[in-house]
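Q: My questions will all concern the structure given below.
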Amino acid sequence: MTLNIILAIVQILGIIAVLYGIWIGIKQLKLNRQQRRDLAVMECARSFEDREFTEAYRILAELEPHLSPEEFKALGPEYKAAVLRVCMKFETIGLLVYKDVVPIDAIEDLVGGVALLLWDILHNFIVDARESGNHPTYFEWYHWLVDRLKERGRFTKQPPAFVTHKNWKPKY
């Protein structure tokens, strides 16, 4: 074996090592991104366990959809505080989805139905507050999130998880 052949083999092995290193690096970046997304989803899920949010959800979910702004205002300050609690949560979630920190399918599965239910109850009140306060960005990301969830159509096209996944078995 000549020196030229040995050098050629070493160069080929060097190129293979570099390509393998790049491949490993790309796989590691993808794994890190997935881990960050999983952690973000878990943090979102944990944030909905907040006692104040749960109480706000409870009192708002008992209301009829499409209340007029006047009817809503007549309910009193406890309900306005509940609106702020709930809407700020969904405002944050909407922005996190938009920034691609949290995948929309995870939010859809986690709290999509709740987001849509509460939006139907609060929509008129929020739109009125935007217009009367000349504040067009009032809960804009919550509104954006609801529009995206409606576009996806899961809640009108797909049965609930307990029906869709009734035959689910753990992978291990």
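Residue numbering restarts at 1 for every chain of the structure tokens, chains are lettered A, B, ... in their displayed order, and ligands are numbered from 1 as they appear.
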What lies within 12 Å of range 75-88 of chain A using only C-alpha atoms, ignoring chain neighbours under 4 positions off, as an MDAnalysis selection string?
A: chainID A and resid 47:48 50:63 67:71 92:95 111 114:119 121:123 125:126 129 138:143 145:146
Q: Generate the output file for the selected residues, C-alpha atoms, as a PDB file, in the first residue's frame.
A:
```
ATOM      1  CA  SER A  47     -50.512  26.261  34.749  1.00  0.00           C
ATOM      2  CA  PHE A  48     -54.149  25.218  34.322  1.00  0.00           C
ATOM      3  CA  ASP A  50     -53.973  26.995  39.345  1.00  0.00           C
ATOM      4  CA  ARG A  51     -56.776  27.366  41.931  1.00  0.00           C
ATOM      5  CA  GLU A  52     -57.682  30.911  40.871  1.00  0.00           C
ATOM      6  CA  PHE A  53     -57.965  29.879  37.218  1.00  0.00           C
ATOM      7  CA  THR A  54     -60.125  26.901  38.139  1.00  0.00           C
ATOM      8  CA  GLU A  55     -62.460  29.090  40.168  1.00  0.00           C
ATOM      9  CA  ALA A  56     -62.651  31.687  37.386  1.00  0.00           C
ATOM     10  CA  TYR A  57     -63.403  28.945  34.884  1.00  0.00           C
ATOM     11  CA  ARG A  58     -66.099  27.512  37.135  1.00  0.00           C
ATOM     12  CA  ILE A  59     -68.063  30.734  37.502  1.00  0.00           C
ATOM     13  CA  LEU A  60     -67.725  31.711  33.841  1.00  0.00           C
ATOM     14  CA  ALA A  61     -68.602  28.270  32.444  1.00  0.00           C
ATOM     15  CA  GLU A  62     -71.959  28.437  34.237  1.00  0.00           C
ATOM     16  CA  LEU A  63     -72.983  31.444  32.114  1.00  0.00           C
ATOM     17  CA  LEU A  67     -74.306  37.298  26.775  1.00  0.00           C
ATOM     18  CA  SER A  68     -74.622  40.944  25.848  1.00  0.00           C
ATOM     19  CA  PRO A  69     -71.982  43.289  27.274  1.00  0.00           C
ATOM     20  CA  GLU A  70     -74.662  44.882  29.456  1.00  0.00           C
ATOM     21  CA  GLU A  71     -75.785  41.537  30.864  1.00  0.00           C
ATOM     22  CA  THR A  92     -50.361  33.712  26.977  1.00  0.00           C
ATOM     23  CA  ILE A  93     -51.158  30.331  25.434  1.00  0.00           C
ATOM     24  CA  GLY A  94     -52.086  31.979  22.125  1.00  0.00           C
ATOM     25  CA  LEU A  95     -48.785  33.831  21.978  1.00  0.00           C
ATOM     26  CA  VAL A 111     -57.698  22.930  26.653  1.00  0.00           C
ATOM     27  CA  VAL A 114     -62.399  25.051  27.214  1.00  0.00           C
ATOM     28  CA  ALA A 115     -60.916  27.909  25.174  1.00  0.00           C
ATOM     29  CA  LEU A 116     -63.787  27.725  22.675  1.00  0.00           C
ATOM     30  CA  LEU A 117     -66.490  27.371  25.318  1.00  0.00           C
ATOM     31  CA  LEU A 118     -65.273  30.395  27.262  1.00  0.00           C
ATOM     32  CA  TRP A 119     -64.796  32.426  24.085  1.00  0.00           C
ATOM     33  CA  ILE A 121     -69.419  33.184  26.613  1.00  0.00           C
ATOM     34  CA  LEU A 122     -66.990  36.133  26.628  1.00  0.00           C
ATOM     35  CA  HIS A 123     -66.831  37.173  22.963  1.00  0.00           C
ATOM     36  CA  PHE A 125     -67.977  41.389  26.288  1.00  0.00           C
ATOM     37  CA  ILE A 126     -64.414  41.368  24.903  1.00  0.00           C
ATOM     38  CA  ALA A 129     -64.371  46.335  25.687  1.00  0.00           C
ATOM     39  CA  TYR A 138     -57.460  43.599  24.071  1.00  0.00           C
ATOM     40  CA  PHE A 139     -57.026  39.806  24.350  1.00  0.00           C
ATOM     41  CA  GLU A 140     -55.863  39.652  20.754  1.00  0.00           C
ATOM     42  CA  TRP A 141     -53.870  36.418  21.185  1.00  0.00           C
ATOM     43  CA  TYR A 142     -56.788  34.636  22.828  1.00  0.00           C
ATOM     44  CA  HIS A 143     -58.929  35.679  19.864  1.00  0.00           C
ATOM     45  CA  LEU A 145     -55.967  31.155  19.256  1.00  0.00           C
ATOM     46  CA  VAL A 146     -59.729  30.614  19.054  1.00  0.00           C
TER      47      VAL A 146
END
```
Q: Please provide the set of residues having any atom within 10 Å of Pro103 in chain A, restricted to only C-alpha atoms, with same-chain residues fewer than 6 positions apart removed, written as a PyMOL selection string.
A: chain A and resi 37-38+40-41+96-97
Q: Keeping C-alpha atoms, export the residues of the selection given above as an mmCIF file, in the first residue's frame.
A:
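Below you can see part-v4.cif, which holds the result:
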```cif
data_model
loop_
_atom_site.group_PDB
_atom_site.id
_atom_site.type_symbol
_atom_site.label_atom_id
_atom_site.label_comp_id
_atom_site.auth_asym_id
_atom_site.auth_seq_id
_atom_site.Cartn_x
_atom_site.Cartn_y
_atom_site.Cartn_z
ATOM 1 C CA ARG A 37 -41.594 21.627 23.409
ATOM 2 C CA ASP A 38 -42.506 18.762 25.737
ATOM 3 C CA ALA A 40 -43.443 23.807 27.483
ATOM 4 C CA VAL A 41 -46.550 21.625 27.082
ATOM 5 C CA LEU A 96 -46.832 30.676 22.873
ATOM 6 C CA VAL A 97 -48.561 28.805 20.056
#
```
Q: Closest to Val101 in chain A among A:Cys44, A:Asn124, A:Ile22, A:Ile12, using only C-alpha atoms?
A: A:Cys44
Q: Report, in Å with one decimal, the straight-line distance from CA of Pro159 in chain A to CA of Gly112 in chain A.
A: 13.5 Å
Q: Could you tell me how far CA of Glu43 in chain A lies from CA of Ala106 in chain A, in Å and to one decimal?
A: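 Atom-to-atom, CA of Glu43 in chain A and CA of Ala106 in chain A are spaced 11.9 Å apart.
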Q: Have a look at A:Val163, A:Ile26, A:Leu13, A:Leu149 and name the one nearest to Gly113 in chain A; count only C-alpha atoms.
A: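 Checking each candidate against Gly113 in chain A, we get A:Leu149 as the closest.
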